[in-house]
Structure formats: C-alpha cells, structure tokens
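Remarks on the structure that follows.
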Amino acid sequence: MSIAGFASLPERVRAFIALRLDAAVDDAIAALIERLRAPQGDINDIREDGIRWVRRANFHLTLFFLGPAVPRERLAPIADALGAIAEATAPFEIVARGVGVFPNPARPRVIWIGLDGDGLAALAARVAQAAARYGFAPERRAYSPHLTIGRVRSLNSPGRLRRALGEAAGASFGVSRIECVTLYRSELGPQSSIYHELAAFPLGVRERW
C-alpha cells in the first residue's frame, strides 16, 4: 500500500514499525518452535502447555509500537519520517542467537530469540525520536531487541519447557541483511494476529545517489 492509500484504512488501526529477517533465519526459528512444541520426556511431563506460538509469517523485530488505535491521519506524517530515516541509514546485518524468556525463568511469560547488530540500536533510537516528535507515547522500558516466538498463558509441565529452553539457550539461527524498514497494521484474531504491510522504506537510498 502506498502512503496515498492510507485514506482507505479504517479510522483507527493497530500499527507498529518493524524489521523482517531473512527467510533462512525464519526457517531456523520455525524449526526450533517445532522442537519446543514436541512432547518429550516422561509421559507424566508431556501435558500440553498453554503457549501461544507465533506463526512463521508473523516473525518480526519491532522497532516501535505506535499504538492499538492510531488515527489513520497520523500515519502519513510518521511514514514520511520513516522514509527520511531509511534513506539516511545504510543496510546492516542482524545476528539471531540465543533463546530466553521475559520476565524470568521462574515466571516465563514471553519466549524470545536474541537479536544483535551494529546499527540496530541507532536505527531504533531514530525511529523512537521521530515517533515522539509526532506525539506517539515512548516506551517506558529500555529498548531490548528480540523476536518473540511464544507467549505463555499457563504451564502444565514447566520442567520440560525449562529443559528445552536450556538446551537451546546458545543456539544460533543465522545472519540477516536488513535493507528495509516497514510500517505495519495489525489485526487481532482469535488464533493469531494478521499483519498488513502499509509501507516499506528501503535503507540507504541516499547513499546510492
């Protein structure tokens, strides 16, 4: 969708700014999720846990969450700002390595893949500054780059999950070359969210002129 097409959106949308990883990295992460889902160990320790796993199609690294009900007229200004930021930002690489949980192993609520790359923190800071200029509320927590792969609602067999996560703690999932920043709309569903790409902004356009 082009910026001009924002007028066709609902009056308010759930929106966020994110990066996507390479397909090979997504494949490696999806394979890990399948291993984590698979029952293992003693029959008394394989009851199904209440974990909502993220679909491969929804893997992403959030740079900034704009809000659950953003007026559509506020999308074009932030899109213009993202275009300027992307033009001035050279492509860079992100390494996907390690598995962990928030807030802590004793009370896991979010299961994540660690992400790291030169230029990532600076890009996230520029995006956050631009969002703040246009009145979007800043995150109260420090930026911690990660890719969410599961949300824990309940654990029938916490021991199995702890063991599986411990075995995968240092796993490496590959390197992604980041060449684009994307503005997304999210629609919440009963089983999974659906993400719609509203606008994509190639990195480093200015450097190529």
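Chain labels follow the order of the structure tokens: the first chain is A, the next B, and so on; residue numbering restarts at 1 in every chain, and ligands are counted from 1 in their shown order.
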
Compile the contact shell of region 92-95 of chain A as a list in words: residues with an atom at most 10 Å away, counting only C-alpha atoms, same-chain residues fewer than 4 positions apart removed.
->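 Neighbouring residues, sequence-local ones excluded: Leu21, Asp22, Val25, Gly114, Leu115, Asp116, Gly117, Asp118, Gly119, Leu120, Ser172, Phe173, Gly174, Val175, Ser176, Arg177, Ile178, Glu179, Cys180, Leu203 and Gly204 of chain A.
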
Take the selection from the previous step and output its residues with all heavy atoms, as a short mmCIF file (atom, residue, chain, number, x, y, z; two decimals), in the first residue's frame.
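Okay, result11.cif is ready:
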```cif
data_model
loop_
_atom_site.label_atom_id
_atom_site.label_comp_id
_atom_site.auth_asym_id
_atom_site.auth_seq_id
_atom_site.Cartn_x
_atom_site.Cartn_y
_atom_site.Cartn_z
N LEU A 21 13.41 -10.49 9.13
CA LEU A 21 14.66 -11.21 8.97
C LEU A 21 14.64 -12.02 7.68
O LEU A 21 13.62 -12.18 7.03
CB LEU A 21 14.88 -12.14 10.17
CG LEU A 21 14.88 -11.46 11.54
CD1 LEU A 21 15.15 -12.48 12.64
CD2 LEU A 21 15.90 -10.33 11.60
N ASP A 22 15.82 -12.54 7.29
CA ASP A 22 15.92 -13.34 6.08
C ASP A 22 15.12 -14.64 6.22
O ASP A 22 14.94 -15.17 7.32
CB ASP A 22 17.38 -13.69 5.79
CG ASP A 22 18.19 -12.48 5.32
OD1 ASP A 22 17.57 -11.41 5.09
OD2 ASP A 22 19.42 -12.61 5.18
N VAL A 25 16.74 -17.53 8.15
CA VAL A 25 16.70 -17.34 9.60
C VAL A 25 15.31 -17.67 10.12
O VAL A 25 15.16 -18.35 11.15
CB VAL A 25 17.10 -15.90 9.98
CG1 VAL A 25 16.97 -15.67 11.47
CG2 VAL A 25 18.55 -15.64 9.54
N GLY A 114 17.19 -13.89 20.74
CA GLY A 114 18.03 -12.71 20.87
C GLY A 114 18.49 -12.19 19.51
O GLY A 114 18.78 -12.98 18.60
N LEU A 115 18.56 -10.88 19.36
CA LEU A 115 18.97 -10.24 18.11
C LEU A 115 20.01 -9.17 18.41
O LEU A 115 19.89 -8.44 19.38
CB LEU A 115 17.77 -9.61 17.40
CG LEU A 115 16.63 -10.55 17.03
CD1 LEU A 115 15.44 -9.77 16.50
CD2 LEU A 115 17.08 -11.59 16.00
N ASP A 116 21.02 -9.09 17.54
CA ASP A 116 22.07 -8.10 17.75
C ASP A 116 22.65 -7.69 16.40
O ASP A 116 22.79 -8.53 15.50
CB ASP A 116 23.17 -8.68 18.64
CG ASP A 116 24.24 -7.65 18.97
OD1 ASP A 116 23.88 -6.50 19.27
OD2 ASP A 116 25.43 -8.01 18.90
N GLY A 117 22.97 -6.41 16.27
CA GLY A 117 23.58 -5.95 15.03
C GLY A 117 24.06 -4.52 15.15
O GLY A 117 23.40 -3.69 15.78
N ASP A 118 25.22 -4.24 14.57
CA ASP A 118 25.73 -2.87 14.54
C ASP A 118 24.75 -2.00 13.75
O ASP A 118 24.39 -2.34 12.63
CB ASP A 118 27.11 -2.83 13.89
CG ASP A 118 28.17 -3.52 14.73
OD1 ASP A 118 27.94 -3.66 15.94
OD2 ASP A 118 29.21 -3.92 14.17
N GLY A 119 24.33 -0.93 14.34
CA GLY A 119 23.38 -0.04 13.67
C GLY A 119 21.95 -0.23 14.11
O GLY A 119 21.11 0.65 13.88
N LEU A 120 21.65 -1.36 14.76
CA LEU A 120 20.27 -1.63 15.15
C LEU A 120 19.79 -0.66 16.23
O LEU A 120 18.71 -0.07 16.12
CB LEU A 120 20.13 -3.07 15.64
CG LEU A 120 18.76 -3.49 16.19
CD1 LEU A 120 17.67 -3.23 15.18
CD2 LEU A 120 18.80 -4.97 16.60
N SER A 172 22.29 -20.74 17.52
CA SER A 172 22.46 -19.69 16.52
C SER A 172 21.51 -19.96 15.36
O SER A 172 21.36 -21.11 14.92
CB SER A 172 23.90 -19.67 16.02
OG SER A 172 24.08 -18.67 15.04
N PHE A 173 20.86 -18.91 14.87
CA PHE A 173 19.85 -19.07 13.83
C PHE A 173 20.25 -18.38 12.52
O PHE A 173 19.48 -18.41 11.57
CB PHE A 173 18.51 -18.52 14.33
CG PHE A 173 18.06 -19.17 15.59
CD1 PHE A 173 18.35 -18.59 16.83
CD2 PHE A 173 17.38 -20.37 15.57
CE1 PHE A 173 17.96 -19.20 18.01
CE2 PHE A 173 16.99 -20.99 16.75
CZ PHE A 173 17.29 -20.40 17.97
N GLY A 174 21.42 -17.76 12.50
CA GLY A 174 21.90 -17.17 11.26
C GLY A 174 21.93 -15.66 11.27
O GLY A 174 21.62 -15.00 12.27
N VAL A 175 22.31 -15.11 10.13
CA VAL A 175 22.50 -13.67 9.96
C VAL A 175 21.55 -13.15 8.88
O VAL A 175 21.38 -13.78 7.84
CB VAL A 175 23.96 -13.35 9.57
CG1 VAL A 175 24.16 -11.86 9.38
CG2 VAL A 175 24.92 -13.89 10.63
N SER A 176 20.93 -12.00 9.14
CA SER A 176 20.03 -11.36 8.18
C SER A 176 20.62 -10.03 7.74
O SER A 176 21.12 -9.27 8.57
CB SER A 176 18.65 -11.12 8.80
OG SER A 176 18.01 -12.33 9.15
N ARG A 177 20.54 -9.75 6.46
CA ARG A 177 20.91 -8.43 5.96
C ARG A 177 19.64 -7.58 5.92
O ARG A 177 18.67 -7.92 5.23
CB ARG A 177 21.53 -8.52 4.57
CG ARG A 177 21.95 -7.14 4.01
CD ARG A 177 22.77 -7.29 2.75
NE ARG A 177 23.02 -6.01 2.11
CZ ARG A 177 23.97 -5.14 2.48
NH1 ARG A 177 24.76 -5.45 3.51
NH2 ARG A 177 24.15 -4.00 1.84
N ILE A 178 19.63 -6.50 6.66
CA ILE A 178 18.46 -5.64 6.77
C ILE A 178 18.56 -4.53 5.73
O ILE A 178 19.50 -3.74 5.74
CB ILE A 178 18.35 -5.05 8.19
CG1 ILE A 178 18.33 -6.16 9.23
CG2 ILE A 178 17.11 -4.17 8.29
CD1 ILE A 178 17.21 -7.16 9.07
N GLU A 179 17.59 -4.48 4.85
CA GLU A 179 17.61 -3.50 3.77
C GLU A 179 16.32 -2.69 3.70
O GLU A 179 16.12 -1.92 2.77
CB GLU A 179 17.84 -4.20 2.43
CG GLU A 179 19.19 -4.93 2.36
CD GLU A 179 19.45 -5.56 1.01
OE1 GLU A 179 18.46 -5.98 0.36
OE2 GLU A 179 20.62 -5.61 0.59
N CYS A 180 15.45 -2.86 4.70
CA CYS A 180 14.14 -2.21 4.60
C CYS A 180 13.53 -2.04 5.99
O CYS A 180 13.70 -2.90 6.87
CB CYS A 180 13.23 -3.08 3.73
SG CYS A 180 11.60 -2.42 3.43
N LEU A 203 16.51 0.92 2.85
CA LEU A 203 17.61 1.59 3.53
C LEU A 203 18.67 2.05 2.53
O LEU A 203 18.90 1.41 1.50
CB LEU A 203 18.26 0.64 4.53
CG LEU A 203 17.41 0.12 5.68
CD1 LEU A 203 18.29 -0.67 6.65
CD2 LEU A 203 16.70 1.24 6.42
N GLY A 204 19.32 3.15 2.88
CA GLY A 204 20.49 3.58 2.15
C GLY A 204 20.26 4.16 0.78
O GLY A 204 21.20 4.22 -0.03
#
```

Please identify which residues in chain A DSSP calls strand (DSSP E or B) from the backbone, and express them as an MDAnalysis selection string.
-> chainID A and resid 12:19 50:53 61:71 92:104 107:116 146:154 172:178 180:187 194:202

Region 42-101 of chain A: residues DSSP assigns to helix (DSSP H, G or I), reported as a list in words | Ile43, Asn44, Asp45, Arg56, Ala57, Asn58, Arg72, Glu73, Arg74, Leu75, Ala76, Pro77, Ile78, Ala79, Asp80, Ala81, Leu82, Gly83, Ala84, Ile85, Ala86 and Glu87 of chain A

Write out as a list in words each polymer residue whose atoms come within 8 Å of Pro138 (chain A), counting only C-alpha atoms; drop sequence neighbours fewer than 4 positions from it.
-> Ala128, Ala131 and Ala132 of chain A

Residues from last step as file, N, CA, C and O atoms, as a short mmCIF file (atom, residue, chain, number, x, y, z; two decimals), in the first residue's frame:
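Final file, again.cif:
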```cif
data_model
loop_
_atom_site.label_atom_id
_atom_site.label_comp_id
_atom_site.auth_asym_id
_atom_site.auth_seq_id
_atom_site.Cartn_x
_atom_site.Cartn_y
_atom_site.Cartn_z
N ALA A 128 12.31 6.00 17.30
CA ALA A 128 11.62 6.42 18.53
C ALA A 128 11.57 7.94 18.63
O ALA A 128 10.55 8.51 19.04
N ALA A 131 8.96 9.19 16.21
CA ALA A 131 7.61 8.91 16.72
C ALA A 131 7.23 9.90 17.82
O ALA A 131 6.10 10.40 17.87
N ALA A 132 8.18 10.21 18.69
CA ALA A 132 7.91 11.15 19.78
C ALA A 132 7.59 12.54 19.23
O ALA A 132 6.71 13.24 19.76
#
```

All residues 9 Å or closer to region 27-34 of chain A, only C-alpha atoms, same chain fewer than 5 positions away omitted, as a PyMOL selection string = chain A and resi 22+53-56+59+96+113+149-150+168+172-174

Find the residues near region 67-82 of chain A: any atom within 12 Å, counting only C-alpha atoms, skip ones fewer than 2 places away on the same chain, and give them as number ranges by chain.
-> A: 1-18, 63-65, 84-89, 123-124, 126-139, 180-188, 198-203

How many Å lie between CA of Gly98 (chain A) and CA of His196 (chain A), rounded to one decimal?
-> 28.1 Å
